[in-house]
>>> print(open('entry.cif').read())   # mmCIF, C-alpha atoms
data_query
loop_
_atom_site.group_PDB
_atom_site.id
_atom_site.type_symbol
_atom_site.label_atom_id
_atom_site.label_comp_id
_atom_site.auth_asym_id
_atom_site.auth_seq_id
_atom_site.Cartn_x
_atom_site.Cartn_y
_atom_site.Cartn_z
ATOM 1 C CA MET A 10 0.000 0.000 0.000
ATOM 2 C CA ARG A 11 2.883 2.385 0.818
ATOM 3 C CA ARG A 12 6.291 2.211 -0.803
ATOM 4 C CA ALA A 13 9.482 4.169 -1.364
ATOM 5 C CA ARG A 14 11.038 3.318 -4.713
ATOM 6 C CA ILE A 15 14.780 3.948 -4.588
ATOM 7 C CA HIS A 16 16.583 4.087 -7.910
ATOM 8 C CA THR A 17 20.003 2.497 -7.395
ATOM 9 C CA GLN A 18 21.707 3.700 -10.574
ATOM 10 C CA ALA A 19 20.553 7.278 -10.110
ATOM 11 C CA LEU A 20 21.706 7.211 -6.487
ATOM 12 C CA THR A 21 25.096 5.770 -7.455
ATOM 13 C CA GLU A 22 25.677 8.438 -10.103
ATOM 14 C CA HIS A 23 24.498 11.228 -7.808
ATOM 15 C CA LEU A 24 26.741 10.157 -4.925
ATOM 16 C CA ALA A 25 29.710 9.870 -7.281
ATOM 17 C CA SER A 26 29.170 13.468 -8.387
ATOM 18 C CA LEU A 27 28.942 14.638 -4.765
ATOM 19 C CA CYS A 28 32.085 12.733 -3.824
ATOM 20 C CA ALA A 29 34.046 14.722 -6.383
ATOM 21 C CA GLU A 30 33.266 17.831 -4.300
ATOM 22 C CA ASN A 31 33.803 16.375 -0.810
ATOM 23 C CA PRO A 32 34.754 12.759 0.082
ATOM 24 C CA THR A 33 32.676 12.735 3.295
ATOM 25 C CA ILE A 34 28.966 12.294 3.724
ATOM 26 C CA ASP A 35 26.478 12.284 6.580
ATOM 27 C CA LEU A 36 24.356 9.127 6.545
ATOM 28 C CA ARG A 37 22.822 9.460 9.984
ATOM 29 C CA ALA A 38 19.137 8.736 10.695
ATOM 30 C CA ASN A 39 19.456 5.406 8.886
ATOM 31 C CA ALA A 40 20.700 7.176 5.757
ATOM 32 C CA TYR A 41 17.823 9.627 6.018
ATOM 33 C CA GLY A 42 15.260 6.860 6.210
ATOM 34 C CA VAL A 43 16.401 4.917 3.174
ATOM 35 C CA GLY A 44 18.551 2.260 4.825
ATOM 36 C CA ILE A 45 22.124 2.642 5.930
ATOM 37 C CA GLU A 46 23.458 -0.775 4.934
ATOM 38 C CA LYS A 47 22.653 -0.357 1.258
ATOM 39 C CA CYS A 48 23.455 3.364 1.147
ATOM 40 C CA SER A 49 26.772 3.058 2.977
ATOM 41 C CA GLN A 50 27.956 0.406 0.527
ATOM 42 C CA ILE A 51 26.954 2.549 -2.450
ATOM 43 C CA ALA A 52 28.696 5.523 -0.813
ATOM 44 C CA ARG A 53 31.892 3.521 -0.291
ATOM 45 C CA ASP A 54 31.833 2.325 -3.887
ATOM 46 C CA ALA A 55 31.471 5.951 -4.964
ATOM 47 C CA GLY A 56 34.590 6.858 -2.964
ATOM 48 C CA PHE A 57 33.096 8.283 0.220
ATOM 49 C CA ILE A 58 34.633 7.730 3.631
ATOM 50 C CA ALA A 59 31.738 6.168 5.514
ATOM 51 C CA ALA A 60 32.406 3.580 8.192
ATOM 52 C CA VAL A 61 29.690 1.590 9.916
ATOM 53 C CA VAL A 62 31.002 0.979 13.422
ATOM 54 C CA SER A 63 28.185 -0.896 15.142
ATOM 55 C CA LYS A 64 24.809 -2.476 14.744
ATOM 56 C CA ASP A 65 21.879 -2.435 17.123
ATOM 57 C CA SER A 66 18.710 -4.471 16.780
ATOM 58 C CA SER A 67 16.515 -1.493 17.597
ATOM 59 C CA GLU A 68 18.311 1.326 15.796
ATOM 60 C CA GLY A 69 20.021 -0.481 12.954
ATOM 61 C CA CYS A 70 23.503 0.506 11.849
ATOM 62 C CA VAL A 71 25.202 3.498 13.424
ATOM 63 C CA LEU A 72 27.849 5.611 11.706
ATOM 64 C CA SER A 73 30.905 6.996 13.425
ATOM 65 C CA VAL A 74 30.180 10.664 12.809
ATOM 66 C CA THR A 75 33.598 11.680 14.150
ATOM 67 C CA GLU A 76 35.260 9.674 11.382
ATOM 68 C CA LEU A 77 33.181 11.595 8.858
ATOM 69 C CA SER A 78 34.059 15.065 10.150
ATOM 70 C CA PRO A 79 33.666 17.514 8.567
ATOM 71 C CA THR A 80 30.487 15.892 7.345
ATOM 72 C CA THR A 81 28.738 16.901 4.202
ATOM 73 C CA VAL A 82 25.138 17.296 5.301
ATOM 74 C CA THR A 83 24.134 17.891 1.714
ATOM 75 C CA GLN A 84 20.481 17.678 0.813
ATOM 76 C CA TRP A 85 21.349 14.864 -1.525
ATOM 77 C CA TRP A 86 17.757 13.655 -1.752
ATOM 78 C CA ASP A 87 16.812 16.889 -3.529
ATOM 79 C CA ASN A 88 17.559 15.054 -6.775
ATOM 80 C CA THR A 89 14.063 14.034 -7.894
ATOM 81 C CA ALA A 90 15.328 10.977 -9.795
ATOM 82 C CA LEU A 91 16.497 9.203 -6.633
ATOM 83 C CA LEU A 92 13.349 8.228 -4.786
ATOM 84 C CA SER A 93 9.588 8.149 -5.223
ATOM 85 C CA PHE A 94 7.244 7.938 -2.227
ATOM 86 C CA GLU A 95 3.956 6.342 -3.264
ATOM 87 C CA ALA A 96 0.690 5.000 -1.855
ATOM 88 C CA ASP A 97 -2.392 3.374 -3.333
ATOM 89 C CA ILE A 98 -5.819 4.908 -3.757
ATOM 90 C CA ILE A 99 -8.060 2.768 -1.559
ATOM 91 C CA SER A 100 -11.441 4.447 -2.058
ATOM 92 C CA LEU A 101 -13.259 6.862 -4.378
ATOM 93 C CA LYS A 102 -16.400 8.796 -3.491
ATOM 94 C CA ARG A 103 -18.499 11.201 -5.526
ATOM 95 C CA VAL A 104 -19.744 14.137 -3.455
ATOM 96 C CA GLY A 105 -21.646 17.323 -4.060
ATOM 97 C CA ALA A 106 -20.683 20.947 -3.597
ATOM 98 C CA ASN A 107 -20.286 22.265 -0.046
ATOM 99 C CA THR A 108 -19.046 18.922 1.288
ATOM 100 C CA SER A 109 -16.640 19.368 4.199
ATOM 101 C CA VAL A 110 -13.641 17.035 4.296
ATOM 102 C CA SER A 111 -11.381 15.559 6.997
ATOM 103 C CA TYR A 112 -10.705 16.702 10.560
ATOM 104 C CA GLY A 113 -11.947 20.123 11.488
ATOM 105 C CA TYR A 114 -13.757 20.489 8.156
ATOM 106 C CA GLU A 115 -11.132 22.962 7.000
ATOM 107 C CA TYR A 116 -11.709 22.030 3.355
ATOM 108 C CA THR A 117 -15.075 22.350 1.601
ATOM 109 C CA THR A 118 -15.748 21.370 -1.986
ATOM 110 C CA THR A 119 -16.851 24.168 -4.285
ATOM 111 C CA ALA A 120 -18.579 21.937 -6.843
ATOM 112 C CA GLU A 121 -19.540 18.321 -7.426
ATOM 113 C CA THR A 122 -16.326 16.325 -7.382
ATOM 114 C CA THR A 123 -14.680 12.993 -6.582
ATOM 115 C CA LEU A 124 -12.687 12.464 -3.407
ATOM 116 C CA ALA A 125 -9.884 9.890 -3.504
ATOM 117 C CA LEU A 126 -8.716 8.295 -0.261
ATOM 118 C CA VAL A 127 -4.940 7.652 -0.295
ATOM 119 C CA GLY A 128 -3.590 4.983 2.042
ATOM 120 C CA ALA A 129 -0.791 6.991 3.669
ATOM 121 C CA GLY A 130 -0.754 9.602 6.402
ATOM 122 C CA PHE A 131 1.493 11.322 8.902
ATOM 123 C CA SER A 132 2.348 8.039 10.664
ATOM 124 C CA ASP A 133 3.933 6.956 7.361
ATOM 125 C CA GLY A 134 5.905 10.165 6.912
ATOM 126 C CA VAL A 135 3.468 12.381 5.026
ATOM 127 C CA PRO A 136 3.948 15.657 6.952
ATOM 128 C CA ARG A 137 0.634 16.960 8.237
ATOM 129 C CA THR A 138 2.039 20.494 8.296
ATOM 130 C CA ALA A 139 1.896 20.394 4.486
ATOM 131 C CA SER A 140 -1.868 20.768 4.380
ATOM 132 C CA PRO A 141 -3.445 22.893 3.156
ATOM 133 C CA GLY A 142 -1.472 23.484 -0.016
ATOM 134 C CA ALA A 143 0.217 20.148 -0.698
ATOM 135 C CA GLN A 144 -0.447 18.085 -3.793
ATOM 136 C CA MET A 145 0.020 14.544 -5.107
ATOM 137 C CA SER A 146 -0.036 13.171 -8.626
ATOM 138 C CA VAL A 147 -2.050 10.257 -10.004
ATOM 139 C CA THR A 148 -1.652 8.980 -13.574
ATOM 140 C CA GLY A 149 0.452 12.049 -14.347
ATOM 141 C CA GLU A 150 -2.087 14.617 -13.144
ATOM 142 C CA VAL A 151 -1.573 16.683 -9.984
ATOM 143 C CA PHE A 152 -4.369 17.047 -7.412
ATOM 144 C CA PRO A 153 -4.670 19.016 -4.169
ATOM 145 C CA ILE A 154 -4.936 17.394 -0.768
ATOM 146 C CA ALA A 155 -8.421 18.044 0.596
ATOM 147 C CA GLY A 156 -8.332 18.909 4.285
ATOM 148 C CA ARG A 157 -5.974 17.752 6.977
ATOM 149 C CA ILE A 158 -3.597 14.838 6.536
ATOM 150 C CA ALA A 159 -4.708 12.104 8.963
ATOM 151 C CA MET A 160 -2.634 9.467 10.721
ATOM 152 C CA ASP A 161 -3.048 6.664 8.177
ATOM 153 C CA GLN A 162 -4.585 8.357 5.172
ATOM 154 C CA CYS A 163 -5.346 11.574 3.343
ATOM 155 C CA VAL A 164 -7.875 12.744 0.774
ATOM 156 C CA LEU A 165 -7.375 14.179 -2.712
ATOM 157 C CA ASP A 166 -9.900 16.300 -4.586
ATOM 158 C CA VAL A 167 -9.622 14.769 -8.052
ATOM 159 C CA GLY A 168 -12.519 16.525 -9.751
ATOM 160 C CA ASP A 169 -13.827 14.544 -12.720
ATOM 161 C CA ALA A 170 -10.625 12.579 -13.366
ATOM 162 C CA ALA A 171 -11.213 8.972 -14.381
ATOM 163 C CA LEU A 172 -9.315 7.227 -11.586
ATOM 164 C CA SER A 173 -9.680 3.729 -10.139
ATOM 165 C CA VAL A 174 -9.144 2.101 -6.777
ATOM 166 C CA GLY A 175 -5.593 0.754 -6.810
ATOM 167 C CA ASP A 176 -4.153 3.626 -8.834
ATOM 168 C CA ILE A 177 -0.854 4.882 -7.448
ATOM 169 C CA ALA A 178 -0.611 8.332 -5.887
ATOM 170 C CA THR A 179 2.888 9.807 -6.015
ATOM 171 C CA ILE A 180 3.415 11.755 -2.818
ATOM 172 C CA TRP A 181 6.821 12.972 -3.925
ATOM 173 C CA GLY A 182 9.130 11.977 -6.726
ATOM 174 C CA ALA A 183 9.450 13.558 -10.151
ATOM 175 C CA ASN A 184 6.158 15.457 -9.698
ATOM 176 C CA PRO A 185 5.569 16.796 -7.155
ATOM 177 C CA SER A 186 9.121 16.821 -5.849
ATOM 178 C CA LEU A 187 10.568 16.350 -2.382
ATOM 179 C CA VAL A 188 11.731 19.969 -2.552
ATOM 180 C CA GLU A 189 8.138 21.111 -3.096
ATOM 181 C CA TRP A 190 6.991 19.053 -0.107
ATOM 182 C CA ALA A 191 9.738 20.617 1.994
ATOM 183 C CA ALA A 192 8.370 24.038 1.081
ATOM 184 C CA TRP A 193 4.755 23.051 1.727
ATOM 185 C CA SER A 194 5.568 21.544 5.127
ATOM 186 C CA SER A 195 8.257 24.065 6.162
ATOM 187 C CA ARG A 196 10.684 21.208 6.843
ATOM 188 C CA PRO A 197 14.076 20.378 5.329
ATOM 189 C CA THR A 198 14.213 17.559 2.811
ATOM 190 C CA GLY A 199 16.433 15.489 5.102
ATOM 191 C CA ALA A 200 13.836 15.658 7.885
ATOM 192 C CA LEU A 201 11.100 14.479 5.521
ATOM 193 C CA MET A 202 13.191 11.524 4.380
ATOM 194 C CA SER A 203 14.198 10.624 7.939
ATOM 195 C CA HIS A 204 10.545 10.386 8.973
ATOM 196 C CA LEU A 205 9.567 7.760 6.419
ATOM 197 C CA ALA A 206 8.067 5.061 8.641
ATOM 198 C CA PRO A 207 9.397 1.501 8.837
ATOM 199 C CA ARG A 208 6.100 0.206 7.445
ATOM 200 C CA VAL A 209 6.774 2.074 4.196
ATOM 201 C CA GLU A 210 8.248 -0.675 2.035
ATOM 202 C CA ARG A 211 11.653 0.215 0.560
ATOM 203 C CA GLN A 212 11.998 -1.089 -2.989
ATOM 204 C CA TRP A 213 15.389 -0.883 -4.726
ATOM 205 C CA SER A 214 15.419 -0.932 -8.509
#
>>> encode(input="entry.cif", output="structure tokens")
Amino acid sequence: MRRARIHTQALTEHLASLCAENPTIDLRANAYGVGIEKCSQIARDAGFIAAVVSKDSSEGCVLSVTELSPTTVTQWWDNTALLSFEADIISLKRVGANTSVSYGYEYTTTAETTLALVGAGFSDGVPRTASPGAQMSVTGEVFPIAGRIAMDQCVLDVGDAALSVGDIATIWGANPSLVEWAAWSSRPTGALMSHLAPRVERQWS
């Protein structure tokens, strides 16, 4: 239902270009939520100095930050080709004008429209501070989030678009981008990545 698609080749090429500028990198917070074991190996192969010094069953691998000083805390996930955060549409409902949506009824439809329920919320890493204003894309078309982002789900106002249950909503990726979500939520890109929940399936391609 919820997945983060990580593009290995794009990540490898991007890290190699960063390494040419500075051979150190900060991979704390479990490589910003992506997974330190895979990322640290890719970083080493790209020429970075990144040593995993211990493992813990609850926190995963831990980097020796002192060995990485001065660290490059680059916003290296700003590259939109590296990762796509997605979730499935789990319900569609046709509603009339003046329908209030989600907690607090802060969003009201202005005309007859379709509401699409997306199976991801702030417990998955979708920042609730991004609503109102945030958007997601489905089948290449961008739609606004309707109302507050809830714990396990959020709602899109998709108008008259011909969507189906099971269609994939791109939370961030090529469009909209992680950088746009950082602006909408007033959070740095690294913080957004670090808060991707463990139940979001990481898929490497």
>>> closest_residue(input="entry.cif", among="A:Ala29, A:Ile177, A:Leu36, A:Val135", to="Arg157 of chain A", atoms="only C-alpha atoms")
A:Val135
>>> atom_distance(input="entry.cif", atom1="atom CA of Gly175 of chain A", atom2="atom CA of Pro207 of chain A")
21.7 Å
>>> resolve_selection(input="entry.cif", expression="the PyMOL selection byres ((chain A and resi 94) around 6)", output="count of residues only")
6
>>> resolve_selection(input="entry.cif", expression="the PyMOL selection byres ((chain A and resi 161) around 6)", output="ChimeraX atom specification")
/A:129-130,159-160,162
>>> resolve_selection(input="entry.cif", expression="the PyMOL selection byres ((chain A and resi 210) around 7)", output="JSON, numbers by chain")
{"A": [11, 12, 13, 208, 209, 211, 212]}
>>> atom_distance(input="entry.cif", atom1="atom CA of Tyr41 of chain A", atom2="atom CA of His204 of chain A")
7.9 Å
